>>> print(open('input_9.tsv').read())   # TSV, C-alpha atoms
chain	number	residue	atom	x	y	z
A	1	MET	CA	125.68	154.48	87.05
A	2	ASP	CA	124.82	152.73	90.30
A	3	PRO	CA	125.85	154.97	93.25
A	4	ARG	CA	127.22	151.86	94.96
A	5	ALA	CA	129.89	151.69	92.25
A	6	LEU	CA	130.98	155.26	93.02
A	7	ALA	CA	130.87	155.23	96.83
A	8	PRO	CA	134.26	153.44	97.15
A	9	LEU	CA	135.91	156.40	95.38
A	10	LEU	CA	135.40	158.48	98.52
A	11	GLN	CA	137.76	156.19	100.38
A	12	ARG	CA	140.58	157.49	98.18
A	13	PHE	CA	140.24	161.00	99.66
A	14	PRO	CA	140.27	162.65	103.08
A	15	ARG	CA	136.78	162.90	104.53
A	16	ALA	CA	134.40	165.38	102.91
A	17	GLU	CA	131.22	166.59	104.62
A	18	PHE	CA	129.34	166.44	101.29
A	19	ALA	CA	130.02	164.52	98.10
A	20	MET	CA	128.22	164.16	94.81
A	21	ALA	CA	128.84	162.76	91.33
A	22	TYR	CA	127.45	164.31	88.16
A	23	GLY	CA	127.86	164.57	84.41
A	24	SER	CA	128.01	162.19	81.48
A	25	GLY	CA	130.25	159.69	83.26
A	26	VAL	CA	127.57	159.13	85.89
A	27	LEU	CA	124.16	159.78	84.31
A	28	PRO	CA	122.96	158.93	80.78
A	29	GLN	CA	123.59	161.53	78.11
A	30	ALA	CA	123.24	161.42	74.32
A	31	GLY	CA	126.47	161.36	72.34
A	32	TYR	CA	128.44	158.97	74.53
A	33	GLY	CA	129.03	155.30	73.87
A	34	ALA	CA	130.56	152.42	75.77
A	35	ALA	CA	133.64	152.47	73.54
A	36	SER	CA	135.02	155.60	75.19
A	37	PRO	CA	133.51	156.03	78.67
A	38	PRO	CA	133.39	159.70	79.73
A	39	THR	CA	134.99	161.22	82.81
A	40	VAL	CA	133.44	160.64	86.23
A	41	ASP	CA	132.94	164.09	87.82
A	42	LEU	CA	132.92	164.51	91.59
A	43	VAL	CA	132.34	167.49	93.90
A	44	LEU	CA	133.63	167.29	97.48
A	45	GLY	CA	132.38	169.81	100.04
A	46	VAL	CA	134.89	170.24	102.88
A	47	ALA	CA	134.83	172.11	106.18
A	48	ASP	CA	138.47	173.30	106.12
A	49	ALA	CA	140.09	173.57	102.68
A	50	ARG	CA	143.64	174.01	103.96
A	51	GLU	CA	143.47	170.98	106.25
A	52	TRP	CA	141.79	168.88	103.55
A	53	HIS	CA	144.51	169.68	101.00
A	54	ARG	CA	147.20	168.97	103.60
A	55	ARG	CA	145.80	165.48	104.07
A	56	ASN	CA	145.17	164.92	100.38
A	57	MET	CA	148.72	165.95	99.48
A	58	ARG	CA	149.96	163.24	101.82
A	59	ARG	CA	147.59	160.67	100.40
A	60	ASN	CA	147.42	161.68	96.71
A	61	ALA	CA	150.51	163.78	96.03
A	62	ALA	CA	150.60	162.57	92.41
A	63	HIS	CA	147.29	164.34	91.75
A	64	TYR	CA	148.88	167.76	92.30
A	65	PRO	CA	151.25	169.62	89.97
A	66	SER	CA	154.67	170.53	91.31
A	67	CYS	CA	153.74	174.20	91.86
A	68	ALA	CA	150.93	173.18	94.23
A	69	LEU	CA	153.17	170.76	96.12
A	70	ILE	CA	155.85	173.42	96.50
A	71	GLY	CA	153.27	175.98	97.66
A	72	GLY	CA	151.72	173.45	99.99
A	73	PRO	CA	148.18	173.32	101.44
A	74	ARG	CA	148.10	177.05	102.18
A	75	PHE	CA	148.72	177.83	98.49
A	76	ALA	CA	146.15	175.21	97.41
A	77	ALA	CA	143.52	176.66	99.75
A	78	TRP	CA	144.25	180.21	98.51
A	79	LEU	CA	144.02	179.08	94.89
A	80	GLN	CA	140.77	177.29	95.64
A	81	SER	CA	139.28	180.48	97.11
A	82	LEU	CA	139.67	182.41	93.85
A	83	GLY	CA	136.84	182.76	91.35
A	84	ALA	CA	134.08	180.20	91.89
A	85	GLY	CA	135.83	178.73	94.93
A	86	MET	CA	136.53	175.34	93.34
A	87	TYR	CA	139.84	173.46	93.18
A	88	TYR	CA	139.52	171.02	90.30
A	89	ILE	CA	141.92	168.17	89.62
A	90	ALA	CA	141.26	166.51	86.26
A	91	ASP	CA	142.17	163.33	84.41
A	92	VAL	CA	143.08	161.14	87.39
A	93	ALA	CA	142.82	157.40	86.65
A	94	MET	CA	140.86	155.54	89.33
A	95	ASN	CA	139.37	152.09	89.68
A	96	VAL	CA	135.60	152.01	89.23
A	97	ARG	CA	134.17	148.51	89.46
A	98	GLY	CA	137.38	146.87	88.35
A	99	ALA	CA	138.07	149.20	85.41
A	100	LEU	CA	140.26	152.31	85.26
A	101	ARG	CA	138.19	155.41	84.56
A	102	PRO	CA	139.23	159.05	84.22
A	103	VAL	CA	138.05	161.02	87.25
A	104	LYS	CA	137.84	164.77	87.79
A	105	TYR	CA	137.20	165.99	91.32
A	106	GLY	CA	136.44	169.47	92.55
A	107	VAL	CA	136.97	170.61	96.12
A	108	VAL	CA	134.86	173.44	97.54
A	109	SER	CA	134.38	174.73	101.07
A	110	LEU	CA	130.95	174.07	102.55
A	111	ALA	CA	130.53	177.81	103.15
A	112	ARG	CA	131.21	178.72	99.49
A	113	LEU	CA	129.05	175.84	98.30
A	114	GLN	CA	126.05	176.94	100.34
A	115	SER	CA	126.55	180.57	99.39
A	116	ASP	CA	126.56	179.80	95.67
A	117	LEU	CA	123.47	177.62	96.03
A	118	ARG	CA	121.57	180.35	97.88
A	119	HIS	CA	122.89	183.51	96.18
A	120	TRP	CA	124.18	182.47	92.72
A	121	ASP	CA	127.56	184.07	93.41
A	122	SER	CA	129.13	182.18	90.49
A	123	LEU	CA	126.48	179.74	89.22
A	124	TYR	CA	129.32	177.23	89.07
A	125	VAL	CA	128.61	174.43	91.51
A	126	SER	CA	125.02	175.69	91.86
A	127	GLY	CA	124.58	175.29	88.10
A	128	ARG	CA	125.73	171.69	88.30
A	129	MET	CA	123.39	170.97	91.21
A	130	GLN	CA	120.36	172.43	89.42
A	131	LYS	CA	120.44	169.30	87.24
A	132	PRO	CA	120.15	165.65	88.34
A	133	PHE	CA	123.17	164.32	90.21
A	134	VAL	CA	124.06	161.38	92.45
A	135	THR	CA	124.56	162.10	96.16
A	136	LEU	CA	127.42	160.06	97.58
A	137	ARG	CA	127.53	161.68	101.02
A	138	PRO	CA	124.47	163.75	101.97
A	139	ASN	CA	124.56	166.95	104.00
A	140	GLU	CA	121.37	168.47	105.37
A	141	LEU	CA	122.57	172.08	105.10
A	142	VAL	CA	123.59	171.58	101.47
A	143	SER	CA	120.28	169.88	100.70
A	144	ARG	CA	118.32	172.79	102.15
A	145	ALA	CA	120.40	175.32	100.23
A	146	ASN	CA	119.91	173.38	97.00
A	147	ASP	CA	116.15	173.43	97.54
A	148	LYS	CA	116.40	177.22	97.13
A	149	ASN	CA	118.78	176.87	94.19
A	150	VAL	CA	116.51	174.54	92.21
A	151	ALA	CA	113.45	176.68	92.97
A	152	ASN	CA	115.24	179.82	91.77
A	153	ALA	CA	116.34	178.05	88.59
A	154	VAL	CA	112.71	177.06	87.96
A	155	LYS	CA	111.65	180.71	88.41
A	156	ALA	CA	114.31	181.90	85.94
A	157	THR	CA	113.29	179.25	83.43
A	158	LEU	CA	109.62	180.19	83.58
A	159	LEU	CA	110.51	183.85	83.07
A	160	LEU	CA	112.36	182.90	79.88
A	161	LEU	CA	109.43	180.93	78.44
A	162	PRO	CA	106.07	181.92	76.88
A	163	GLN	CA	102.63	180.99	78.17
A	164	ALA	CA	102.63	177.50	76.59
A	165	PHE	CA	105.60	175.21	75.99
A	166	THR	CA	106.48	171.53	75.91
A	167	GLU	CA	108.06	169.70	78.80
A	168	ASP	CA	111.25	169.21	76.77
A	169	THR	CA	111.43	172.95	76.03
A	170	PHE	CA	111.11	173.64	79.75
A	171	LEU	CA	113.80	171.09	80.66
A	172	THR	CA	116.19	172.23	77.93
A	173	THR	CA	115.81	175.90	78.88
A	174	TYR	CA	116.28	174.98	82.54
A	175	THR	CA	119.39	172.91	81.80
A	176	ASN	CA	120.86	175.61	79.60
A	177	LEU	CA	120.89	178.22	82.40
A	178	SER	CA	124.33	177.14	83.63
A	179	TYR	CA	125.74	177.06	80.07
A	180	MET	CA	124.78	180.64	79.19
A	181	GLY	CA	128.04	182.55	78.77
A	182	ASP	CA	130.18	179.45	79.45
A	183	VAL	CA	133.64	180.13	78.02
A	184	ARG	CA	133.95	176.46	77.01
A	185	LEU	CA	131.21	176.97	74.45
A	186	THR	CA	132.95	180.07	73.12
A	187	VAL	CA	136.21	178.20	72.43
A	188	GLY	CA	134.52	175.03	71.17
A	189	ALA	CA	135.46	172.89	74.16
A	190	GLU	CA	131.85	172.01	74.92
A	191	ASN	CA	129.06	170.68	72.72
A	192	PRO	CA	126.58	173.49	71.91
A	193	ASN	CA	123.79	170.88	72.08
A	194	LYS	CA	124.81	169.82	75.59
A	195	ALA	CA	121.49	170.78	77.20
A	196	ALA	CA	119.40	168.88	74.63
A	197	ASN	CA	121.69	165.84	74.96
A	198	ILE	CA	121.16	165.82	78.73
A	199	VAL	CA	117.38	166.20	78.54
A	200	SER	CA	116.90	163.53	75.87
A	201	LYS	CA	118.27	160.87	78.23
A	202	GLN	CA	117.28	162.25	81.64
A	203	ARG	CA	113.64	163.30	81.39
A	204	ASP	CA	112.52	160.90	84.12
A	205	LEU	CA	115.50	161.87	86.28
A	206	PHE	CA	114.49	165.54	86.03
A	207	ARG	CA	110.97	164.67	87.14
A	208	GLN	CA	112.33	162.85	90.19
A	209	HIS	CA	114.74	165.75	90.80
A	210	PHE	CA	111.98	168.36	90.99
A	211	LYS	CA	109.84	166.14	93.21
A	212	ALA	CA	112.75	165.91	95.67
A	213	TYR	CA	112.79	169.70	96.25
A	214	PRO	CA	109.59	171.08	97.87
A	215	SER	CA	110.24	174.75	97.02
A	216	ALA	CA	110.74	173.97	93.32
A	217	LEU	CA	107.63	171.81	93.22
A	218	GLN	CA	105.69	174.59	94.95
A	219	VAL	CA	106.68	177.11	92.25
A	220	LEU	CA	105.76	174.67	89.49
A	221	SER	CA	102.40	173.94	91.14
A	222	THR	CA	101.55	177.61	91.74
A	223	VAL	CA	102.55	179.09	88.37
A	224	THR	CA	102.01	176.13	86.01
A	225	ASP	CA	99.95	172.96	85.64
A	226	TYR	CA	103.18	170.92	85.49
A	227	GLY	CA	103.74	170.67	89.23
A	228	GLY	CA	100.36	169.05	89.83
A	229	ARG	CA	101.09	166.42	87.20
A	230	LEU	CA	104.48	165.70	88.75
A	231	ARG	CA	102.82	165.06	92.12
A	232	LYS	CA	100.68	162.28	90.65
A	233	ALA	CA	101.86	158.70	91.02
A	234	GLY	CA	103.83	157.70	87.95
A	235	GLY	CA	104.57	161.29	86.93
A	236	PRO	CA	103.17	163.18	83.94
A	237	GLY	CA	103.67	160.28	81.51
A	238	LYS	CA	104.32	161.03	77.88
A	239	GLN	CA	105.56	164.33	76.47
A	240	LEU	CA	103.12	167.08	77.42
A	241	VAL	CA	102.32	170.74	76.85
A	242	VAL	CA	102.68	172.98	79.90
A	243	GLU	CA	100.87	176.27	80.49
A	244	GLN	CA	101.88	178.96	82.94
A	245	ASP	CA	100.44	182.17	84.35
A	246	VAL	CA	102.13	185.01	82.45
A	247	SER	CA	100.28	187.90	84.08
A	248	THR	CA	102.42	190.91	84.91
A	249	SER	CA	101.95	190.41	88.65
A	250	THR	CA	103.09	186.79	88.49
A	251	ARG	CA	106.10	187.61	86.31
A	252	VAL	CA	107.13	190.43	88.66
A	253	GLU	CA	106.77	188.11	91.65
A	254	LEU	CA	108.92	185.43	89.99
A	255	PHE	CA	111.58	188.03	89.16
A	256	ARG	CA	111.59	189.45	92.68
A	257	GLY	CA	111.94	185.93	94.04
A	258	LEU	CA	115.34	185.37	92.42
A	259	PRO	CA	118.42	185.37	94.73
A	260	LYS	CA	118.76	188.79	96.34
A	261	ARG	CA	122.46	189.30	95.59
A	262	PHE	CA	122.00	188.22	91.99
A	263	LEU	CA	118.99	190.51	91.67
A	264	GLY	CA	120.89	193.33	93.34
A	265	ARG	CA	123.58	193.23	90.65
A	266	MET	CA	120.90	193.66	87.99
A	267	THR	CA	119.14	196.54	89.71
A	268	ALA	CA	122.20	198.25	91.24
A	269	ARG	CA	122.00	201.18	88.81
A	270	CYS	CA	118.28	201.63	89.27
A	271	GLY	CA	118.43	203.71	92.44
A	272	ASP	CA	115.94	203.15	95.24
A	273	ARG	CA	113.14	201.81	93.01
A	274	PRO	CA	114.17	198.31	91.92
A	275	ASP	CA	110.58	197.04	92.09
A	276	GLY	CA	109.45	199.70	89.65
A	277	VAL	CA	112.30	198.83	87.28
A	278	ILE	CA	111.45	195.13	87.42
A	279	ARG	CA	107.82	195.89	86.62
A	280	ALA	CA	108.89	198.10	83.71
A	281	TRP	CA	111.09	195.30	82.35
A	282	VAL	CA	108.20	192.84	82.53
A	283	GLU	CA	105.65	195.20	80.99
A	284	SER	CA	107.97	196.03	78.10
A	285	GLY	CA	109.00	192.39	77.56
A	286	ARG	CA	112.66	193.22	78.23
A	287	HIS	CA	112.86	191.03	81.31
A	288	GLN	CA	113.96	187.98	79.33
A	289	ASP	CA	116.90	189.75	77.68
A	290	VAL	CA	117.92	191.35	80.99
A	291	LEU	CA	117.82	187.98	82.75
A	292	ARG	CA	119.77	186.17	80.01
A	293	ARG	CA	122.52	188.78	80.04
A	294	ALA	CA	122.75	188.74	83.84
A	295	ILE	CA	123.06	184.95	83.99
A	296	ALA	CA	125.57	184.88	81.11
A	297	ALA	CA	127.75	187.52	82.81
A	298	VAL	CA	127.98	185.47	86.03
A	299	VAL	CA	128.68	182.20	84.20
A	300	PHE	CA	131.26	183.77	81.88
A	301	ALA	CA	133.22	185.25	84.78
A	302	SER	CA	133.30	182.05	86.83
A	303	SER	CA	133.95	179.69	83.91
A	304	THR	CA	136.82	181.86	82.65
A	305	THR	CA	138.47	182.03	86.07
A	306	GLN	CA	138.09	178.30	86.63
A	307	ALA	CA	139.53	177.50	83.19
A	308	ALA	CA	142.58	179.64	83.95
A	309	LYS	CA	142.97	178.11	87.43
A	310	GLY	CA	143.03	174.64	85.88
A	311	LEU	CA	146.59	175.19	84.68
A	312	LEU	CA	147.69	175.57	88.31
A	313	THR	CA	145.34	173.12	90.06
A	314	THR	CA	145.80	170.26	87.60
A	315	GLY	CA	149.07	171.16	85.90
A	316	VAL	CA	149.82	172.29	82.36
A	317	SER	CA	150.35	168.91	80.71
A	318	ARG	CA	147.34	167.21	82.31
A	319	SER	CA	145.16	170.28	81.67
A	320	LEU	CA	146.14	170.28	78.00
A	321	CYS	CA	145.38	166.56	77.68
A	322	TYR	CA	141.99	167.10	79.32
A	323	ALA	CA	141.25	170.12	77.11
A	324	ARG	CA	142.23	168.21	73.96
A	325	ALA	CA	139.88	165.39	74.92
A	326	LYS	CA	137.03	167.87	75.48
A	327	LEU	CA	137.69	169.61	72.15
A	328	ARG	CA	137.85	166.28	70.32
A	329	LYS	CA	134.61	165.07	71.87
A	330	ALA	CA	132.80	168.33	71.09
A	331	ALA	CA	134.04	168.17	67.47
A	332	GLU	CA	132.88	164.55	67.15
A	333	GLN	CA	129.43	165.43	68.43
A	334	ARG	CA	129.13	168.40	66.06
A	335	ALA	CA	130.24	166.20	63.15
A	336	GLY	CA	127.72	163.53	64.16
A	337	LYS	CA	124.90	166.07	64.19
A	338	LYS	CA	125.94	167.37	60.75
A	339	ARG	CA	125.90	163.84	59.32
A	340	ARG	CA	122.42	163.26	60.71
A	341	LEU	CA	121.20	166.50	59.14
A	342	ASP	CA	122.77	165.62	55.78
A	343	THR	CA	121.11	162.21	55.57
>>> encode(input="input_9.tsv", output="structure tokens")
Amino acid sequence: MDPRALAPLLQRFPRAEFAMAYGSGVLPQAGYGAASPPTVDLVLGVADAREWHRRNMRRNAAHYPSCALIGGPRFAAWLQSLGAGMYYIADVAMNVRGALRPVKYGVVSLARLQSDLRHWDSLYVSGRMQKPFVTLRPNELVSRANDKNVANAVKATLLLLPQAFTEDTFLTTYTNLSYMGDVRLTVGAENPNKAANIVSKQRDLFRQHFKAYPSALQVLSTVTDYGGRLRKAGGPGKQLVVEQDVSTSTRVELFRGLPKRFLGRMTARCGDRPDGVIRAWVESGRHQDVLRRAIAAVVFASSTTQAAKGLLTTGVSRSLCYARAKLRKAAEQRAGKKRRLDT
């Protein structure tokens, strides 16, 4: 979707220092048709959550459930601070280019946003910003933090892959990082083929995405032959096979380069020799399983908390309507895949 069609949405809210749009309602994704346009997802980064909710309650009181209005902006800001630090309001009808579209917007403080991007505290908003998105209001501090986030996601992806792999395998593994352990997949509220559906329609967008972040491109250029091809005019062209350096020293360096807090949680029980433990994981081949479990644990915790918070931030009835729509869409996509396999 053209960013110019989404920019007017920001006028409906109090000012945010950073704003982006993402997801199937904004960027192409397999499994969605024009007959039932998907939700437009927004993230708004704000300097002062309490003040922002105070203004938004005056402007958009109908977006909040009664419990939030009774509790007021202080309650909303406290609720936002829990878990992944996001206050999501779902299933709000808004005008997008003359047509009513369902909109879901998440509010996060700039401090929590930057922390998650740099440290993978929850892999919630950072997971969404690892993939292509549309910037509606840029912020230099957020952009710099996301450079680290995308680079770290590239490192994790390379650690999970063998010496040779296709570009689509790389992109699907990369996209799937933020879905590992996602409670929505456990309860059937999200399509298990979500990552593949994103990649099949966004390959060129991913290429542009990596080129926009110097640290990510540097990792890809140093460890693989993919980065050099991305730097060329016109990109790497058709589907290609990528090779990476899988020497023990390179794998250890990639692992050590992951966010320090995230890495600290993995090595907390290893005493004063985390480097030795990381090397032992790599030499034994256990590093991939360790990394998958660590990512899944972070994502499960944040996705579970956010799902529970939705009942209070959006309201029970609207949350149930939104959940039913997600379950129905996931079921339709699973049924569609089964029909394709049967034919």
>>> residues_near_point(input="input_9.tsv", point="(149.5, 173.0, 95.8)", cutoff="12 Å", atoms="only C-alpha atoms", output="number ranges by chain")
A: 49-50, 52-58, 60-80, 87-89, 309-315
>>> closest_residue(input="input_9.tsv", among="A:Gly228, A:Arg261, A:Leu27, A:Val154", to="A:Thr173", atoms="only C-alpha atoms")
A:Val154
>>> closest_residue(input="input_9.tsv", among="A:Ala30, A:Met94, A:Met266, A:Val242", to="A:Arg293", atoms="all atoms listed in the file")
A:Met266
>>> residues_around(input="input_9.tsv", residues="A:Lys155", least_positions_apart="6", cutoff="8 Å", atoms="only C-alpha atoms", output="ChimeraX atom specification")
/A:219,254-255,257-258
>>> residues_around(input="input_9.tsv", residues="A:Ala84", least_positions_apart="2", cutoff="12 Å", atoms="only C-alpha atoms", output="PyMOL selection string")
chain A and resi 79-82+86-88+106-109+112-113+115-117+120-127+298-309
>>> residues_around(input="input_9.tsv", residues="A:Val142", least_positions_apart="6", cutoff="10 Å", atoms="all atoms listed in the file", output="list in words")
Glu17, Phe18, Gly45, Leu110, Ala111, Leu113, Gln114, Ser115, Leu117 and Arg118 of chain A
>>> atom_distance(input="input_9.tsv", atom1="atom CA of A:Val40", atom2="atom CA of A:Val103")
4.7 Å
